[in-house]
Amino acid sequence: MKISARNTLKGKIVDIVKGATTAHVRLDVGGTIVTASITNEAVDALKLQKGQEAYAAIKASDVMIAID
């Protein structure tokens, strides 16, 4: 796999929850869960399944934390 994103995390899919159009894919990366929201079509096209190894490719301009 080659990708331009420089922040990639390898892990194992632990859960896939499909909604009406979007799925939440939970990836265990060394004990930390990373959740991605992707289309149901992408889940099907990639044939994603629980237990499968996958990468989280992170491409963001900023990450924010907020509290009340």
# chains A, B, ... in the order shown; residues from 1 in each chain; ligands from 1
>>> residues_around(residues="segment 11-17 of chain A", least_positions_apart="3", cutoff="9 Å", atoms="only C-alpha atoms", output="mmCIF file with N, CA and C atoms, in the first residue's frame")
data_model
loop_
_atom_site.group_PDB
_atom_site.id
_atom_site.type_symbol
_atom_site.label_atom_id
_atom_site.label_comp_id
_atom_site.auth_asym_id
_atom_site.auth_seq_id
_atom_site.Cartn_x
_atom_site.Cartn_y
_atom_site.Cartn_z
ATOM 1 N N THR A 22 -23.714 5.577 6.799
ATOM 2 C CA THR A 22 -22.351 5.650 7.311
ATOM 3 C C THR A 22 -22.089 4.534 8.312
ATOM 4 N N ALA A 23 -20.891 4.018 8.296
ATOM 5 C CA ALA A 23 -20.486 2.981 9.250
ATOM 6 C C ALA A 23 -19.406 3.530 10.179
ATOM 7 N N HIS A 24 -19.394 3.046 11.418
ATOM 8 C CA HIS A 24 -18.316 3.338 12.355
ATOM 9 C C HIS A 24 -17.469 2.080 12.459
ATOM 10 N N VAL A 25 -16.212 2.223 12.098
ATOM 11 C CA VAL A 25 -15.269 1.112 12.135
ATOM 12 C C VAL A 25 -14.302 1.373 13.281
ATOM 13 N N ARG A 26 -14.263 0.440 14.239
ATOM 14 C CA ARG A 26 -13.384 0.581 15.406
ATOM 15 C C ARG A 26 -12.152 -0.280 15.204
ATOM 16 N N LEU A 27 -10.988 0.358 15.352
ATOM 17 C CA LEU A 27 -9.708 -0.285 15.114
ATOM 18 C C LEU A 27 -8.900 -0.261 16.409
ATOM 19 N N ASP A 28 -8.434 -1.430 16.863
ATOM 20 C CA ASP A 28 -7.596 -1.517 18.055
ATOM 21 C C ASP A 28 -6.148 -1.341 17.620
ATOM 22 N N VAL A 29 -5.552 -0.236 18.070
ATOM 23 C CA VAL A 29 -4.164 0.073 17.740
ATOM 24 C C VAL A 29 -3.367 0.005 19.043
ATOM 25 N N GLY A 30 -2.794 -1.142 19.326
ATOM 26 C CA GLY A 30 -1.993 -1.303 20.536
ATOM 27 C C GLY A 30 -2.752 -1.023 21.818
ATOM 28 N N ILE A 33 -8.384 2.392 21.006
ATOM 29 C CA ILE A 33 -9.393 2.254 19.956
ATOM 30 C C ILE A 33 -9.472 3.545 19.148
ATOM 31 N N VAL A 34 -9.326 3.408 17.845
ATOM 32 C CA VAL A 34 -9.488 4.519 16.900
ATOM 33 C C VAL A 34 -10.746 4.216 16.109
ATOM 34 N N VAL A 43 -17.115 0.197 3.281
ATOM 35 C CA VAL A 43 -16.992 -1.033 4.069
ATOM 36 C C VAL A 43 -17.166 -2.247 3.156
ATOM 37 N N LEU A 48 -14.465 -5.226 4.612
ATOM 38 C CA LEU A 48 -13.984 -5.156 5.987
ATOM 39 C C LEU A 48 -14.742 -6.129 6.874
ATOM 40 N N GLN A 49 -14.004 -6.756 7.801
ATOM 41 C CA GLN A 49 -14.585 -7.719 8.732
ATOM 42 C C GLN A 49 -13.875 -7.605 10.081
ATOM 43 N N LYS A 50 -14.599 -7.955 11.143
ATOM 44 C CA LYS A 50 -13.984 -8.012 12.471
ATOM 45 C C LYS A 50 -12.811 -8.973 12.431
ATOM 46 N N GLY A 51 -11.734 -8.607 13.133
ATOM 47 C CA GLY A 51 -10.549 -9.454 13.211
ATOM 48 C C GLY A 51 -9.533 -9.197 12.114
ATOM 49 N N GLN A 52 -9.927 -8.444 11.102
ATOM 50 C CA GLN A 52 -9.049 -8.152 9.969
ATOM 51 C C GLN A 52 -8.055 -7.056 10.349
ATOM 52 N N GLU A 53 -6.804 -7.179 9.880
ATOM 53 C CA GLU A 53 -5.837 -6.107 10.065
ATOM 54 C C GLU A 53 -6.141 -5.007 9.055
ATOM 55 N N ALA A 54 -5.973 -3.760 9.515
ATOM 56 C CA ALA A 54 -6.250 -2.603 8.662
ATOM 57 C C ALA A 54 -5.423 -1.431 9.168
ATOM 58 N N TYR A 55 -5.430 -0.360 8.417
ATOM 59 C CA TYR A 55 -4.711 0.858 8.791
ATOM 60 C C TYR A 55 -5.691 2.002 8.967
ATOM 61 N N ALA A 56 -5.447 2.835 9.967
ATOM 62 C CA ALA A 56 -6.135 4.122 10.084
ATOM 63 C C ALA A 56 -5.187 5.134 9.453
#
>>> select_by_dssp(residues="chain A", states="strand (DSSP E or B)", output="PyMOL selection string")
chain A and resi 7-18+22-29+32-39+53-58
>>> write_last_selection(atoms="C-alpha atoms", output="compact mmCIF listing (two decimals), in the first residue's frame")
# COMPACT_ATOMS: atom_id res chain seq x y z
CA ASN A 7 0.08 9.37 9.84
CA THR A 8 -0.94 5.73 9.51
CA LEU A 9 -1.69 3.39 12.40
CA LYS A 10 -1.85 -0.39 11.92
CA GLY A 11 -4.39 -2.26 13.99
CA LYS A 12 -7.13 -4.86 14.08
CA ILE A 13 -10.81 -4.21 13.38
CA VAL A 14 -12.79 -4.93 16.55
CA ASP A 15 -16.23 -3.65 15.52
CA ILE A 16 -18.18 -2.40 12.51
CA VAL A 17 -21.54 -0.71 13.06
CA LYS A 18 -23.45 0.24 9.92
CA THR A 22 -22.35 5.65 7.31
CA ALA A 23 -20.49 2.98 9.25
CA HIS A 24 -18.32 3.34 12.36
CA VAL A 25 -15.27 1.11 12.14
CA ARG A 26 -13.38 0.58 15.41
CA LEU A 27 -9.71 -0.28 15.11
CA ASP A 28 -7.60 -1.52 18.05
CA VAL A 29 -4.16 0.07 17.74
CA THR A 32 -6.16 2.20 21.94
CA ILE A 33 -9.39 2.25 19.96
CA VAL A 34 -9.49 4.52 16.90
CA THR A 35 -12.93 5.00 15.31
CA ALA A 36 -13.41 5.96 11.67
CA SER A 37 -16.70 7.06 10.08
CA ILE A 38 -16.81 5.81 6.50
CA THR A 39 -19.57 5.04 4.03
CA GLU A 53 -5.84 -6.11 10.06
CA ALA A 54 -6.25 -2.60 8.66
CA TYR A 55 -4.71 0.86 8.79
CA ALA A 56 -6.13 4.12 10.08
CA ALA A 57 -4.81 6.83 7.75
CA ILE A 58 -5.09 10.19 9.46
>>> atom_distance(atom1="atom CA of Met64 of chain A", atom2="atom CA of Lys2 of chain A")
27.8 Å
>>> atom_distance(atom1="atom CA of Ser4 of chain A", atom2="atom CA of Asn40 of chain A")
23.5 Å
>>> closest_residue(among="A:Ala45, A:Ala20, A:Arg6, A:Met1", to="Lys59 of chain A", atoms="only C-alpha atoms")
A:Arg6
>>> select_by_dssp(residues="segment 8-68 of chain A", states="helix (DSSP H, G or I)", output="ChimeraX atom specification")
/A:40-46
>>> write_last_selection(atoms="C-alpha atoms", output="tab-separated table (two decimals), in the first residue's frame")
chain	number	residue	atom	x	y	z
A	40	ASN	CA	-21.29	1.67	4.02
A	41	GLU	CA	-20.21	1.41	0.38
A	42	ALA	CA	-16.54	1.71	1.46
A	43	VAL	CA	-16.99	-1.03	4.07
A	44	ASP	CA	-18.46	-3.30	1.40
A	45	ALA	CA	-15.89	-2.40	-1.27
A	46	LEU	CA	-12.99	-3.09	1.11
>>> decode(residues="segment 22-65 of chain A", atoms="N, CA and C atoms", output="PDB file, in the first residue's frame")
ATOM      1  N   THR A  22     -23.714   5.577   6.799  1.00  0.00           N
ATOM      2  CA  THR A  22     -22.351   5.650   7.311  1.00  0.00           C
ATOM      3  C   THR A  22     -22.089   4.534   8.312  1.00  0.00           C
ATOM      4  N   ALA A  23     -20.891   4.018   8.296  1.00  0.00           N
ATOM      5  CA  ALA A  23     -20.486   2.981   9.250  1.00  0.00           C
ATOM      6  C   ALA A  23     -19.406   3.530  10.179  1.00  0.00           C
ATOM      7  N   HIS A  24     -19.394   3.046  11.418  1.00  0.00           N
ATOM      8  CA  HIS A  24     -18.316   3.338  12.355  1.00  0.00           C
ATOM      9  C   HIS A  24     -17.469   2.080  12.459  1.00  0.00           C
ATOM     10  N   VAL A  25     -16.212   2.223  12.098  1.00  0.00           N
ATOM     11  CA  VAL A  25     -15.269   1.112  12.135  1.00  0.00           C
ATOM     12  C   VAL A  25     -14.302   1.373  13.281  1.00  0.00           C
ATOM     13  N   ARG A  26     -14.263   0.440  14.239  1.00  0.00           N
ATOM     14  CA  ARG A  26     -13.384   0.581  15.406  1.00  0.00           C
ATOM     15  C   ARG A  26     -12.152  -0.280  15.204  1.00  0.00           C
ATOM     16  N   LEU A  27     -10.988   0.358  15.352  1.00  0.00           N
ATOM     17  CA  LEU A  27      -9.708  -0.285  15.114  1.00  0.00           C
ATOM     18  C   LEU A  27      -8.900  -0.261  16.409  1.00  0.00           C
ATOM     19  N   ASP A  28      -8.434  -1.430  16.863  1.00  0.00           N
ATOM     20  CA  ASP A  28      -7.596  -1.517  18.055  1.00  0.00           C
ATOM     21  C   ASP A  28      -6.148  -1.341  17.620  1.00  0.00           C
ATOM     22  N   VAL A  29      -5.552  -0.236  18.070  1.00  0.00           N
ATOM     23  CA  VAL A  29      -4.164   0.073  17.740  1.00  0.00           C
ATOM     24  C   VAL A  29      -3.367   0.005  19.043  1.00  0.00           C
ATOM     25  N   GLY A  30      -2.794  -1.142  19.326  1.00  0.00           N
ATOM     26  CA  GLY A  30      -1.993  -1.303  20.536  1.00  0.00           C
ATOM     27  C   GLY A  30      -2.752  -1.023  21.818  1.00  0.00           C
ATOM     28  N   GLY A  31      -4.025  -1.390  21.873  1.00  0.00           N
ATOM     29  CA  GLY A  31      -4.836  -1.182  23.069  1.00  0.00           C
ATOM     30  C   GLY A  31      -5.628   0.111  23.066  1.00  0.00           C
ATOM     31  N   THR A  32      -5.389   0.971  22.109  1.00  0.00           N
ATOM     32  CA  THR A  32      -6.158   2.199  21.942  1.00  0.00           C
ATOM     33  C   THR A  32      -7.123   2.018  20.788  1.00  0.00           C
ATOM     34  N   ILE A  33      -8.384   2.392  21.006  1.00  0.00           N
ATOM     35  CA  ILE A  33      -9.393   2.254  19.956  1.00  0.00           C
ATOM     36  C   ILE A  33      -9.472   3.545  19.148  1.00  0.00           C
ATOM     37  N   VAL A  34      -9.326   3.408  17.845  1.00  0.00           N
ATOM     38  CA  VAL A  34      -9.488   4.519  16.900  1.00  0.00           C
ATOM     39  C   VAL A  34     -10.746   4.216  16.109  1.00  0.00           C
ATOM     40  N   THR A  35     -11.659   5.187  16.018  1.00  0.00           N
ATOM     41  CA  THR A  35     -12.925   5.000  15.306  1.00  0.00           C
ATOM     42  C   THR A  35     -12.944   5.862  14.053  1.00  0.00           C
ATOM     43  N   ALA A  36     -13.287   5.248  12.939  1.00  0.00           N
ATOM     44  CA  ALA A  36     -13.413   5.965  11.675  1.00  0.00           C
ATOM     45  C   ALA A  36     -14.866   5.911  11.222  1.00  0.00           C
ATOM     46  N   SER A  37     -15.368   7.011  10.701  1.00  0.00           N
ATOM     47  CA  SER A  37     -16.697   7.057  10.082  1.00  0.00           C
ATOM     48  C   SER A  37     -16.494   7.036   8.580  1.00  0.00           C
ATOM     49  N   ILE A  38     -16.943   5.949   7.946  1.00  0.00           N
ATOM     50  CA  ILE A  38     -16.809   5.815   6.501  1.00  0.00           C
ATOM     51  C   ILE A  38     -18.148   5.343   5.934  1.00  0.00           C
ATOM     52  N   THR A  39     -18.305   5.444   4.637  1.00  0.00           N
ATOM     53  CA  THR A  39     -19.571   5.041   4.030  1.00  0.00           C
ATOM     54  C   THR A  39     -19.741   3.529   4.097  1.00  0.00           C
ATOM     55  N   ASN A  40     -20.995   3.102   4.103  1.00  0.00           N
ATOM     56  CA  ASN A  40     -21.290   1.670   4.023  1.00  0.00           C
ATOM     57  C   ASN A  40     -20.724   1.085   2.737  1.00  0.00           C
ATOM     58  N   GLU A  41     -20.761   1.867   1.664  1.00  0.00           N
ATOM     59  CA  GLU A  41     -20.205   1.413   0.383  1.00  0.00           C
ATOM     60  C   GLU A  41     -18.712   1.100   0.515  1.00  0.00           C
ATOM     61  N   ALA A  42     -17.978   1.938   1.267  1.00  0.00           N
ATOM     62  CA  ALA A  42     -16.544   1.712   1.456  1.00  0.00           C
ATOM     63  C   ALA A  42     -16.299   0.434   2.258  1.00  0.00           C
ATOM     64  N   VAL A  43     -17.115   0.197   3.281  1.00  0.00           N
ATOM     65  CA  VAL A  43     -16.992  -1.033   4.069  1.00  0.00           C
ATOM     66  C   VAL A  43     -17.166  -2.247   3.156  1.00  0.00           C
ATOM     67  N   ASP A  44     -18.187  -2.188   2.311  1.00  0.00           N
ATOM     68  CA  ASP A  44     -18.465  -3.304   1.403  1.00  0.00           C
ATOM     69  C   ASP A  44     -17.368  -3.462   0.348  1.00  0.00           C
ATOM     70  N   ALA A  45     -16.907  -2.353  -0.221  1.00  0.00           N
ATOM     71  CA  ALA A  45     -15.888  -2.405  -1.275  1.00  0.00           C
ATOM     72  C   ALA A  45     -14.564  -2.959  -0.745  1.00  0.00           C
ATOM     73  N   LEU A  46     -14.229  -2.611   0.499  1.00  0.00           N
ATOM     74  CA  LEU A  46     -12.993  -3.090   1.113  1.00  0.00           C
ATOM     75  C   LEU A  46     -13.163  -4.462   1.764  1.00  0.00           C
ATOM     76  N   LYS A  47     -14.418  -4.938   1.804  1.00  0.00           N
ATOM     77  CA  LYS A  47     -14.744  -6.228   2.421  1.00  0.00           C
ATOM     78  C   LYS A  47     -14.223  -6.305   3.855  1.00  0.00           C
ATOM     79  N   LEU A  48     -14.465  -5.226   4.612  1.00  0.00           N
ATOM     80  CA  LEU A  48     -13.984  -5.156   5.987  1.00  0.00           C
ATOM     81  C   LEU A  48     -14.742  -6.129   6.874  1.00  0.00           C
ATOM     82  N   GLN A  49     -14.004  -6.756   7.801  1.00  0.00           N
ATOM     83  CA  GLN A  49     -14.585  -7.719   8.732  1.00  0.00           C
ATOM     84  C   GLN A  49     -13.875  -7.605  10.081  1.00  0.00           C
ATOM     85  N   LYS A  50     -14.599  -7.955  11.143  1.00  0.00           N
ATOM     86  CA  LYS A  50     -13.984  -8.012  12.471  1.00  0.00           C
ATOM     87  C   LYS A  50     -12.811  -8.973  12.431  1.00  0.00           C
ATOM     88  N   GLY A  51     -11.734  -8.607  13.133  1.00  0.00           N
ATOM     89  CA  GLY A  51     -10.549  -9.454  13.211  1.00  0.00           C
ATOM     90  C   GLY A  51      -9.533  -9.197  12.114  1.00  0.00           C
ATOM     91  N   GLN A  52      -9.927  -8.444  11.102  1.00  0.00           N
ATOM     92  CA  GLN A  52      -9.049  -8.152   9.969  1.00  0.00           C
ATOM     93  C   GLN A  52      -8.055  -7.056  10.349  1.00  0.00           C
ATOM     94  N   GLU A  53      -6.804  -7.179   9.880  1.00  0.00           N
ATOM     95  CA  GLU A  53      -5.837  -6.107  10.065  1.00  0.00           C
ATOM     96  C   GLU A  53      -6.141  -5.007   9.055  1.00  0.00           C
ATOM     97  N   ALA A  54      -5.973  -3.760   9.515  1.00  0.00           N
ATOM     98  CA  ALA A  54      -6.250  -2.603   8.662  1.00  0.00           C
ATOM     99  C   ALA A  54      -5.423  -1.431   9.168  1.00  0.00           C
ATOM    100  N   TYR A  55      -5.430  -0.360   8.417  1.00  0.00           N
ATOM    101  CA  TYR A  55      -4.711   0.858   8.791  1.00  0.00           C
ATOM    102  C   TYR A  55      -5.691   2.002   8.967  1.00  0.00           C
ATOM    103  N   ALA A  56      -5.447   2.835   9.967  1.00  0.00           N
ATOM    104  CA  ALA A  56      -6.135   4.122  10.084  1.00  0.00           C
ATOM    105  C   ALA A  56      -5.187   5.134   9.453  1.00  0.00           C
ATOM    106  N   ALA A  57      -5.611   5.786   8.400  1.00  0.00           N
ATOM    107  CA  ALA A  57      -4.811   6.827   7.752  1.00  0.00           C
ATOM    108  C   ALA A  57      -5.399   8.162   8.174  1.00  0.00           C
ATOM    109  N   ILE A  58      -4.595   8.952   8.873  1.00  0.00           N
ATOM    110  CA  ILE A  58      -5.085  10.191   9.459  1.00  0.00           C
ATOM    111  C   ILE A  58      -4.547  11.375   8.679  1.00  0.00           C
ATOM    112  N   LYS A  59      -5.467  12.153   8.154  1.00  0.00           N
ATOM    113  CA  LYS A  59      -5.102  13.345   7.394  1.00  0.00           C
ATOM    114  C   LYS A  59      -5.997  14.470   7.890  1.00  0.00           C
ATOM    115  N   ALA A  60      -5.483  15.270   8.792  1.00  0.00           N
ATOM    116  CA  ALA A  60      -6.293  16.329   9.382  1.00  0.00           C
ATOM    117  C   ALA A  60      -5.468  17.596   9.508  1.00  0.00           C
ATOM    118  N   SER A  61      -6.118  18.716   9.341  1.00  0.00           N
ATOM    119  CA  SER A  61      -5.412  19.992   9.496  1.00  0.00           C
ATOM    120  C   SER A  61      -5.225  20.349  10.966  1.00  0.00           C
ATOM    121  N   ASP A  62      -6.142  19.896  11.823  1.00  0.00           N
ATOM    122  CA  ASP A  62      -5.985  20.137  13.253  1.00  0.00           C
ATOM    123  C   ASP A  62      -6.850  19.187  14.062  1.00  0.00           C
ATOM    124  N   VAL A  63      -6.448  18.990  15.300  1.00  0.00           N
ATOM    125  CA  VAL A  63      -7.195  18.167  16.241  1.00  0.00           C
ATOM    126  C   VAL A  63      -7.464  19.039  17.453  1.00  0.00           C
ATOM    127  N   MET A  64      -8.729  19.063  17.893  1.00  0.00           N
ATOM    128  CA  MET A  64      -9.101  19.921  19.008  1.00  0.00           C
ATOM    129  C   MET A  64      -9.625  19.112  20.178  1.00  0.00           C
ATOM    130  N   ILE A  65      -9.409  19.608  21.376  1.00  0.00           N
ATOM    131  CA  ILE A  65      -9.950  19.044  22.605  1.00  0.00           C
ATOM    132  C   ILE A  65     -10.757  20.140  23.277  1.00  0.00           C
TER     133      ILE A  65
END
